[in-house]
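Here the structure is laid out as structure tokens; the discussion comes afterwards.
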Amino acid sequence: MLKRIEVLFKKVRNVNPLVHHITNSVTINDCANITLAIGGSPVMASSVNEAADMAKIAHALVINLGTLNADSCEAMILAGKAANSANIPVILDPVGAGATAYRIEMAEKILQEVKMSIIRGNASEIYSLIGGQSQTKGVDSGMVSLSGADLAVKAAVELNSTIVVSGRTDAISNGETTVIVNNGDPLLTKVTGTGCMATSLIGSFAGVTDQMLDAAVAGISVMSIAGELTKSKLLEGEGTGTFRVKLVDTISLMNGEIWMKEVQINEYATR
Amino acid sequence: MLKRIEVLFKKVRNVNPLVHHITNSVTINDCANITLAIGGSPVMASSVNEAADMAKIAHALVINLGTLNADSCEAMILAGKAANSANIPVILDPVGAGATAYRIEMAEKILQEVKMSIIRGNASEIYSLIGGQSQTKGVDSGMVSLSGADLAVKAAVELNSTIVVSGRTDAISNGETTVIVNNGDPLLTKVTGTGCMATSLIGSFAGVTDQMLDAAVAGISVMSIAGELTKSKLLEGEGTGTFRVKLVDTISLMNGEIWMKEVQINEYATR
Amino acid sequence: MLKRIEVLFKKVRNVNPLVHHITNSVTINDCANITLAIGGSPVMASSVNEAADMAKIAHALVINLGTLNADSCEAMILAGKAANSANIPVILDPVGAGATAYRIEMAEKILQEVKMSIIRGNASEIYSLIGGQSQTKGVDSGMVSLSGADLAVKAAVELNSTIVVSGRTDAISNGETTVIVNNGDPLLTKVTGTGCMATSLIGSFAGVTDQMLDAAVAGISVMSIAGELTKSKLLEGEGTGTFRVKLVDTISLMNGEIWMKEVQINEYATR
């Protein structure tokens with residue numbers, strides 16, 4: 001897996017995959033810039049009148065529920081179905097799933113209508129997608145009774161998708177193989193959108209490989225490694241503003257060589 | 001008051017109050033990041049289907065009229081009423097109030113339906129809420145015939161709320177007590193969203209104290225002090241882009257000790 | 001032309017023209033900050049209930065199709081007609097025109113209803129406005145069979161507007177006079193919104209001069225020059241995050257003297 005992922009960095013910068021986003025209004029700019037930083041070409045078209053047409057010409061579709069409403073939900077389903085028909089991978093970021101009854105209902109509706117290749121969320125969000133009740137507080141993760149790895153495996157089986165549970169360590173599973181990424185830094189939780197951006201990175205990699213587990217591991221580990229490297233570059237007097245800017249720097253300069261040197265992964269068979 | 005505010009910095013970073021925003025699309029990311037920087041936990045949910053549910057679980061609700069439309073106005077009223085019922089403080093930022101007939105009408109409608117704990121705006125905006133006509137130019141402040149302090153007192157009485165009139169100096173009043181903050185820097189007007197972010201800071205403090213005057217003074221003075229400190233850190237060749245980034249740095253590193261050292265406040269009884 | 005443009009920098013910082021934007025949700029914050037950086041006063045009001053009222057009090061109106069939907073399209077037409085009636089210049093940024101059938105249809109509808117003073121896009125976008133079919137990929141430029149200069153002239157005549165075709169070099173034409181700007185840097189394509197921001201700069205200059213060709217050349221050349229200067233300031237280890245921040249710095253510090261020293265322009269009569 002390491003060797004396969006290492007070459008994806010060049011591939012994403014050569015192909016410049018078109019990553020169509022229907023995403024939230026808080027971090028939409030961050031998602032576009034991080035997609036560019038890794039080598040993708042972002043496009044954000046959320047009108048019901050064109051979401052499906054744009055999805056058809058994309059290499060990957062990212063659906064993010066952060067500021068969901070009735071219109072965007074309809075656009076997500078239209079685009080998701082179009083992507084499914086065209087065999088274009090769809091990546092879901094269920095931001096705040098479980099926080100309100102509406103979000104649970106909409107997430108379930110979208111999952112019924114659209115086949116997801118990859119789903120990335122924090123433990124609370126993933127847990128709520130499989131019917132679990134956690135102490136969610138807004139869009140931040142609450143307490144969940146399962147470990148990240150167990151949750152990823154369980155959700156992968158129940159939702160028939162590759163699952164990324166991000167957190168202090170990240171757990172990725174397709175049900176058969178599970179990967180733990182031991183990179184990351186707590187500062188990543190002090191900037192909005194690092195989760196959304198990780199999903200955009202996953203989408204960018206999913207646009208250039210058929211191996212969804214590889215794409216998921218690549219995307220989430222790039223964000224976690226970048227958190228570590230960027231933290232180590234911060235100078236006296238620099239806070240979360242500079243951290244956010246240098247995080248983009250780090251990802252724009254990331255390549256297979258740096259990634260191989262920094263990544264700390266455990267991979268094991270789940271069944 | 002100084003001693004009471006000094007301890008709020010630790011409190012906001014321990015409690016991580018959930019600050020629900022229904023805000024504008026221009027500065028929504030800035031509002032989220034500044035809330036994180038001071039220690040709050042931002043959530044932005046503006047769909048009419050969940051705005052009230054999210055408000056109920058929040059520590060404070062921030063309503064910002066910057067890019068108001070019919071849908072968001074409805075969501076604001078639903079969320080505001082839910083917050084009022086649950087005794088959760090509601091903070092209003094009447095961006096551009098007075099600039100168009102529609103904004104005046106919507107601001108009045110929201111004020112009729114929702115009890116505001118704190119209202120923060122520039123002089124033009126606050127003046128328009130009490131029926132005054134100033135030479136507003138878009139979202140920037142025009143000329144108003146009252147001093148900031150007189151305006152804050154008058155508006156506090158008429159609107160039955162704690163009022164923050166921000167400007168070269170900031171005036172805060174609940175009608176009985178008035179506070180002048182003599183911090184600030186003109187560069188704060190050359191970056192969009194410093195007003196909106198100040199309101200998010202006020203919301204974060206309002207989530208951890210019952211003293212609305214304290215929360216209002218704390219939030220606005222943090223922004224004004226951060227403007228001064230950040231300006232003094234700018235290097236040759238750095239402009240408004242770097243100022244904006246370092247402003248977030250400064251606020252993420254702000255604490256009670258720094259605040260006590262820098263704040264320049266006059267407090268007096270108004271009646 | 002050089003001498004006329006040189007004095008516009010002081011003029012825009014003295015007048016602080018109110019630049020009304022109805023723009024996309026991806027780069028709306030960038031557009032506001034870049035307008036402030038050059039000296040303008042941005043306002044973003046896209047509700048159909050106030051778009052026209054806000055346009056009437058503005059010095060220029062910028063319409064950007066990046067995340068177009070039915071509502072914003074209606075607001076654009078209302079605001080555009082109000083601006084036309086009041087002789088306020090309207091600047092169009094047809095982001096992604098040609099990428100979907102919906103965007104072509106909406107762009108045509110807006111062009112039928114509103115007289116544009118200036119239109120800025122990449123070659124694919126401008127080409128699609130005059131009925132050309134290029135290999136558009138999302139919002140990035142595809143291949144077009146005409147040179148930028150020929151395309152600018154042709155589109156200026158057919159659309160009866162001043163046209164800016166931005167790219168490796170920028171071509172600006174009103175049909176009679178054509179200008180080539182030989183500044184720029186490829187890094188400008190690795191940050192989202194540099195095109196949108198260039199359009200906001202054009203809008204800011206259009207708010208302080210009647211010469212639309214001057215405003216168009218000034219705005220696009222400021223972005224291209226800033227790209228060069230900012231690239232040259234990047235340090236080892238800095239990537240697209242820092243580039244984006246320093247780009248705003250460069251523009252906030254730009255003045256007539258710097259511009260005169262850096263600009264590389266060819267101007268010639270087209271007919």
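Just so we're on the same page: first chain in the structure tokens is A, next is B, and so on; residues restart at 1 for each chain, and ligands are numbered from 1 in the order they show up.
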Check your understanding: Which residues come within 10 Å of Ile104 of chain B, counting only C-alpha atoms, excluding same-chain residues fewer than 5 positions away, as a ChimeraX atom specification?
Key -> /B:94,96-99,109,125,128-129,131
Just need chain C moved onto chain B: least-squares over all Cα atoms matched in order, then output as a tab-separated table (two decimals) with C-alpha atoms, in the first residue's frame.
chain	number	residue	atom	x	y	z
C	1	MET	CA	-15.21	44.47	35.87
C	2	LEU	CA	-11.55	44.08	34.86
C	3	LYS	CA	-11.03	41.26	37.35
C	4	ARG	CA	-14.23	39.54	36.30
C	5	ILE	CA	-13.27	39.69	32.64
C	6	GLU	CA	-9.70	38.54	33.30
C	7	VAL	CA	-10.93	35.13	34.45
C	8	LEU	CA	-13.27	34.69	31.48
C	9	PHE	CA	-10.37	33.81	29.18
C	10	LYS	CA	-9.62	30.63	31.09
C	11	LYS	CA	-13.31	29.89	31.40
C	12	VAL	CA	-14.00	30.11	27.67
C	13	ARG	CA	-11.04	27.82	26.94
C	14	ASN	CA	-12.21	25.30	29.56
C	15	VAL	CA	-15.90	25.28	28.71
C	16	ASN	CA	-15.47	25.56	24.91
C	17	PRO	CA	-18.94	27.09	24.59
C	18	LEU	CA	-20.91	26.02	21.54
C	19	VAL	CA	-21.60	29.25	19.65
C	20	HIS	CA	-24.32	28.80	17.06
C	21	HIS	CA	-24.06	31.28	14.18
C	22	ILE	CA	-26.60	32.20	11.55
C	23	THR	CA	-24.35	34.52	9.69
C	24	ASN	CA	-23.35	35.96	6.33
C	25	SER	CA	-21.57	34.13	3.54
C	26	VAL	CA	-18.73	36.67	3.30
C	27	THR	CA	-17.12	36.20	6.71
C	28	ILE	CA	-18.57	32.89	7.88
C	29	ASN	CA	-15.16	31.17	7.80
C	30	ASP	CA	-13.54	34.05	9.72
C	31	CYS	CA	-16.27	33.83	12.38
C	32	ALA	CA	-15.69	30.10	12.81
C	33	ASN	CA	-11.92	30.48	13.07
C	34	ILE	CA	-12.03	33.38	15.52
C	35	THR	CA	-14.47	31.48	17.74
C	36	LEU	CA	-12.00	28.59	17.80
C	37	ALA	CA	-9.12	31.00	18.44
C	38	ILE	CA	-10.66	32.37	21.64
C	39	GLY	CA	-11.67	28.88	22.82
C	40	GLY	CA	-15.26	28.50	21.65
C	41	SER	CA	-16.75	25.79	19.47
C	42	PRO	CA	-18.50	27.28	16.43
C	43	VAL	CA	-21.44	25.72	14.62
C	44	MET	CA	-23.13	27.27	11.60
C	45	ALA	CA	-26.57	25.81	10.87
C	46	SER	CA	-28.88	28.12	8.99
C	47	SER	CA	-31.49	25.81	7.51
C	48	VAL	CA	-34.97	26.53	8.81
C	49	ASN	CA	-35.22	22.78	9.42
C	50	GLU	CA	-32.59	22.70	12.13
C	51	ALA	CA	-31.73	26.25	13.23
C	52	ALA	CA	-33.96	26.04	16.31
C	53	ASP	CA	-32.74	22.57	17.30
C	54	MET	CA	-29.13	23.69	17.07
C	55	ALA	CA	-29.81	26.88	19.03
C	56	LYS	CA	-31.25	24.86	21.92
C	57	ILE	CA	-28.02	22.94	22.48
C	58	ALA	CA	-25.78	26.01	22.14
C	59	HIS	CA	-24.28	28.26	24.82
C	60	ALA	CA	-24.92	31.37	22.72
C	61	LEU	CA	-26.54	32.30	19.42
C	62	VAL	CA	-25.03	34.89	17.05
C	63	ILE	CA	-27.31	36.39	14.40
C	64	ASN	CA	-25.57	38.39	11.66
C	65	LEU	CA	-27.55	40.21	8.96
C	66	GLY	CA	-24.70	40.64	6.45
C	67	THR	CA	-26.19	38.63	3.60
C	68	LEU	CA	-29.74	38.30	4.83
C	69	ASN	CA	-32.44	36.77	2.68
C	70	ALA	CA	-35.98	35.54	3.25
C	71	ASP	CA	-34.88	32.03	4.25
C	72	SER	CA	-32.09	33.04	6.61
C	73	CYS	CA	-34.35	35.64	8.21
C	74	GLU	CA	-36.89	32.93	9.01
C	75	ALA	CA	-34.14	30.70	10.40
C	76	MET	CA	-32.88	33.57	12.57
C	77	ILE	CA	-36.32	34.11	14.09
C	78	LEU	CA	-36.84	30.39	14.73
C	79	ALA	CA	-33.43	30.03	16.32
C	80	GLY	CA	-33.76	33.28	18.25
C	81	LYS	CA	-37.10	32.27	19.77
C	82	ALA	CA	-35.73	28.84	20.69
C	83	ALA	CA	-32.74	30.50	22.37
C	84	ASN	CA	-34.99	32.98	24.20
C	85	SER	CA	-37.11	30.11	25.55
C	86	ALA	CA	-34.04	28.27	26.76
C	87	ASN	CA	-32.44	31.39	28.29
C	88	ILE	CA	-29.53	31.22	25.87
C	89	PRO	CA	-28.08	34.66	25.09
C	90	VAL	CA	-28.68	36.01	21.58
C	91	ILE	CA	-26.22	38.48	20.05
C	92	LEU	CA	-27.19	40.53	17.00
C	93	ASP	CA	-24.83	42.00	14.40
C	94	PRO	CA	-26.99	44.26	12.21
C	95	VAL	CA	-24.49	44.51	9.31
C	96	GLY	CA	-25.45	47.22	6.87
C	97	ALA	CA	-28.65	48.10	8.76
C	98	GLY	CA	-29.98	51.26	7.16
C	99	ALA	CA	-28.27	50.69	3.80
C	100	THR	CA	-31.45	49.46	2.12
C	101	ALA	CA	-35.15	49.54	2.98
C	102	TYR	CA	-35.14	45.74	3.10
C	103	ARG	CA	-32.44	45.61	5.75
C	104	ILE	CA	-34.26	48.11	7.96
C	105	GLU	CA	-37.49	46.15	7.62
C	106	MET	CA	-35.87	42.79	8.37
C	107	ALA	CA	-33.88	44.16	11.31
C	108	GLU	CA	-37.07	45.57	12.81
C	109	LYS	CA	-38.91	42.31	12.27
C	110	ILE	CA	-36.19	40.28	13.97
C	111	LEU	CA	-36.01	42.72	16.88
C	112	GLN	CA	-39.78	42.43	17.36
C	113	GLU	CA	-39.66	38.65	17.50
C	114	VAL	CA	-36.41	37.99	19.35
C	115	LYS	CA	-35.08	39.45	22.60
C	116	MET	CA	-31.42	40.37	22.09
C	117	SER	CA	-28.94	40.18	24.95
C	118	ILE	CA	-26.29	42.17	23.08
C	119	ILE	CA	-26.28	44.13	19.81
C	120	ARG	CA	-22.98	45.14	18.19
C	121	GLY	CA	-22.65	47.43	15.21
C	122	ASN	CA	-20.93	50.55	13.94
C	123	ALA	CA	-22.53	53.92	14.66
C	124	SER	CA	-24.60	53.99	11.45
C	125	GLU	CA	-25.99	50.55	12.05
C	126	ILE	CA	-26.95	51.11	15.68
C	127	TYR	CA	-28.37	54.53	14.81
C	128	SER	CA	-30.60	53.03	12.14
C	129	LEU	CA	-31.99	50.50	14.62
C	130	ILE	CA	-33.40	53.35	16.71
C	131	GLY	CA	-34.88	55.08	13.68
C	132	GLY	CA	-31.99	57.44	12.91
C	133	GLN	CA	-30.98	58.33	9.39
C	134	SER	CA	-27.26	58.49	8.71
C	135	GLN	CA	-25.29	58.71	5.51
C	136	THR	CA	-24.64	54.99	5.34
C	137	LYS	CA	-22.46	53.79	2.48
C	138	GLY	CA	-22.95	50.08	2.08
C	139	VAL	CA	-21.72	48.27	5.16
C	140	ASP	CA	-19.28	50.94	6.35
C	141	SER	CA	-20.22	53.54	8.92
C	142	GLY	CA	-21.45	56.96	7.82
C	143	MET	CA	-21.81	60.13	9.90
C	144	VAL	CA	-23.99	60.07	12.97
C	145	SER	CA	-24.84	63.16	15.02
C	146	LEU	CA	-24.42	61.47	18.42
C	147	SER	CA	-21.19	60.43	20.13
C	148	GLY	CA	-20.66	56.69	20.36
C	149	ALA	CA	-21.27	56.78	24.11
C	150	ASP	CA	-24.51	58.76	23.85
C	151	LEU	CA	-25.69	56.51	21.05
C	152	ALA	CA	-24.91	53.36	23.05
C	153	VAL	CA	-26.85	54.62	26.07
C	154	LYS	CA	-29.83	55.78	24.01
C	155	ALA	CA	-29.99	52.54	22.04
C	156	ALA	CA	-29.58	50.44	25.21
C	157	VAL	CA	-32.62	52.11	26.72
C	158	GLU	CA	-34.77	52.06	23.58
C	159	LEU	CA	-33.87	48.51	22.54
C	160	ASN	CA	-33.63	47.14	26.11
C	161	SER	CA	-30.33	45.43	25.36
C	162	THR	CA	-26.60	45.79	25.93
C	163	ILE	CA	-25.26	47.83	23.03
C	164	VAL	CA	-21.78	47.92	21.52
C	165	VAL	CA	-21.00	50.81	19.18
C	166	SER	CA	-17.65	49.96	17.66
C	167	GLY	CA	-15.41	52.50	16.03
C	168	ARG	CA	-12.19	54.42	16.65
C	169	THR	CA	-13.06	53.96	20.30
C	170	ASP	CA	-15.74	51.47	21.31
C	171	ALA	CA	-18.71	52.41	23.48
C	172	ILE	CA	-20.63	49.74	25.38
C	173	SER	CA	-23.71	50.40	27.50
C	174	ASN	CA	-26.61	48.62	29.14
C	175	GLY	CA	-28.24	51.95	29.92
C	176	GLU	CA	-27.04	52.02	33.50
C	177	THR	CA	-23.32	51.50	33.07
C	178	THR	CA	-21.28	52.68	30.11
C	179	VAL	CA	-17.78	51.59	29.18
C	180	ILE	CA	-15.40	53.19	26.69
C	181	VAL	CA	-12.63	51.05	25.20
C	182	ASN	CA	-9.74	53.21	24.02
C	183	ASN	CA	-7.95	50.48	22.08
C	184	GLY	CA	-7.97	49.81	18.35
C	185	ASP	CA	-6.19	50.44	15.07
C	186	PRO	CA	-7.44	51.79	11.71
C	187	LEU	CA	-6.07	48.70	9.94
C	188	LEU	CA	-9.03	46.81	11.42
C	189	THR	CA	-11.23	48.59	8.85
C	190	LYS	CA	-9.05	47.39	5.95
C	191	VAL	CA	-9.87	43.73	6.49
C	192	THR	CA	-13.39	42.45	6.00
C	193	GLY	CA	-15.10	40.76	8.90
C	194	THR	CA	-13.36	42.33	11.90
C	195	GLY	CA	-16.76	43.56	13.07
C	196	CYS	CA	-18.38	40.17	12.51
C	197	MET	CA	-15.49	38.47	14.28
C	198	ALA	CA	-15.82	40.84	17.25
C	199	THR	CA	-19.45	39.78	17.49
C	200	SER	CA	-18.39	36.11	17.48
C	201	LEU	CA	-15.94	36.87	20.29
C	202	ILE	CA	-18.74	38.55	22.24
C	203	GLY	CA	-20.88	35.46	21.64
C	204	SER	CA	-18.11	33.20	22.92
C	205	PHE	CA	-17.80	35.18	26.17
C	206	ALA	CA	-21.60	35.43	26.49
C	207	GLY	CA	-21.61	31.63	26.49
C	208	VAL	CA	-19.69	31.50	29.75
C	209	THR	CA	-21.05	34.38	31.86
C	210	ASP	CA	-24.42	35.81	32.86
C	211	GLN	CA	-23.01	39.35	32.83
C	212	MET	CA	-23.79	40.57	29.33
C	213	LEU	CA	-21.93	43.85	29.84
C	214	ASP	CA	-18.79	41.90	30.75
C	215	ALA	CA	-19.17	39.66	27.69
C	216	ALA	CA	-19.67	42.65	25.42
C	217	VAL	CA	-16.67	44.55	26.78
C	218	ALA	CA	-14.50	41.42	26.71
C	219	GLY	CA	-15.34	40.55	23.12
C	220	ILE	CA	-15.00	43.99	21.58
C	221	SER	CA	-11.86	44.86	23.55
C	222	VAL	CA	-10.14	41.63	22.51
C	223	MET	CA	-10.59	42.62	18.86
C	224	SER	CA	-9.46	46.22	19.45
C	225	ILE	CA	-6.42	45.18	21.48
C	226	ALA	CA	-5.55	42.49	18.94
C	227	GLY	CA	-5.66	45.17	16.23
C	228	GLU	CA	-3.08	47.25	18.12
C	229	LEU	CA	-0.80	44.34	18.98
C	230	THR	CA	-0.96	42.86	15.49
C	231	LYS	CA	-0.23	46.20	13.84
C	232	SER	CA	2.86	46.57	16.00
C	233	LYS	CA	4.09	43.14	14.87
C	234	LEU	CA	3.83	43.86	11.13
C	235	LEU	CA	7.15	43.85	9.30
C	236	GLU	CA	8.28	45.95	6.33
C	237	GLY	CA	6.50	44.71	3.20
C	238	GLU	CA	3.60	43.14	5.07
C	239	GLY	CA	0.12	44.47	4.31
C	240	THR	CA	-3.48	43.61	4.98
C	241	GLY	CA	-3.13	39.92	4.05
C	242	THR	CA	-0.56	39.24	6.76
C	243	PHE	CA	-2.35	41.55	9.19
C	244	ARG	CA	-5.46	39.39	8.86
C	245	VAL	CA	-3.53	36.18	9.55
C	246	LYS	CA	-1.59	37.57	12.49
C	247	LEU	CA	-4.80	39.01	13.95
C	248	VAL	CA	-6.03	35.44	14.40
C	249	ASP	CA	-2.63	34.49	15.85
C	250	THR	CA	-2.86	37.30	18.39
C	251	ILE	CA	-6.35	36.28	19.47
C	252	SER	CA	-5.44	32.60	19.69
C	253	LEU	CA	-2.58	33.58	22.03
C	254	MET	CA	-4.59	36.16	24.04
C	255	ASN	CA	-5.12	35.47	27.72
C	256	GLY	CA	-6.22	37.30	30.86
C	257	GLU	CA	-2.72	38.54	31.64
C	258	ILE	CA	-2.09	40.07	28.22
C	259	TRP	CA	-5.56	41.55	28.18
C	260	MET	CA	-5.13	43.18	31.61
C	261	LYS	CA	-1.85	44.72	30.51
C	262	GLU	CA	-3.21	46.20	27.29
C	263	VAL	CA	-6.82	47.15	27.91
C	264	GLN	CA	-7.68	50.85	28.27
C	265	ILE	CA	-11.13	51.21	29.69
C	266	ASN	CA	-13.23	53.94	31.26
C	267	GLU	CA	-16.33	52.77	33.08
C	268	TYR	CA	-19.00	55.12	34.47
C	269	ALA	CA	-22.58	55.11	35.69
C	270	THR	CA	-25.05	56.53	33.17
C	271	ARG	CA	-27.98	56.93	35.53
Review point. So which bits of segment 60-209 of chain A end up alpha helix (DSSP H) when you DSSP the backbone, as a VMD selection string?
Key: chain A and resid 70 to 85 101 to 113 123 to 129 148 to 159 194 to 206
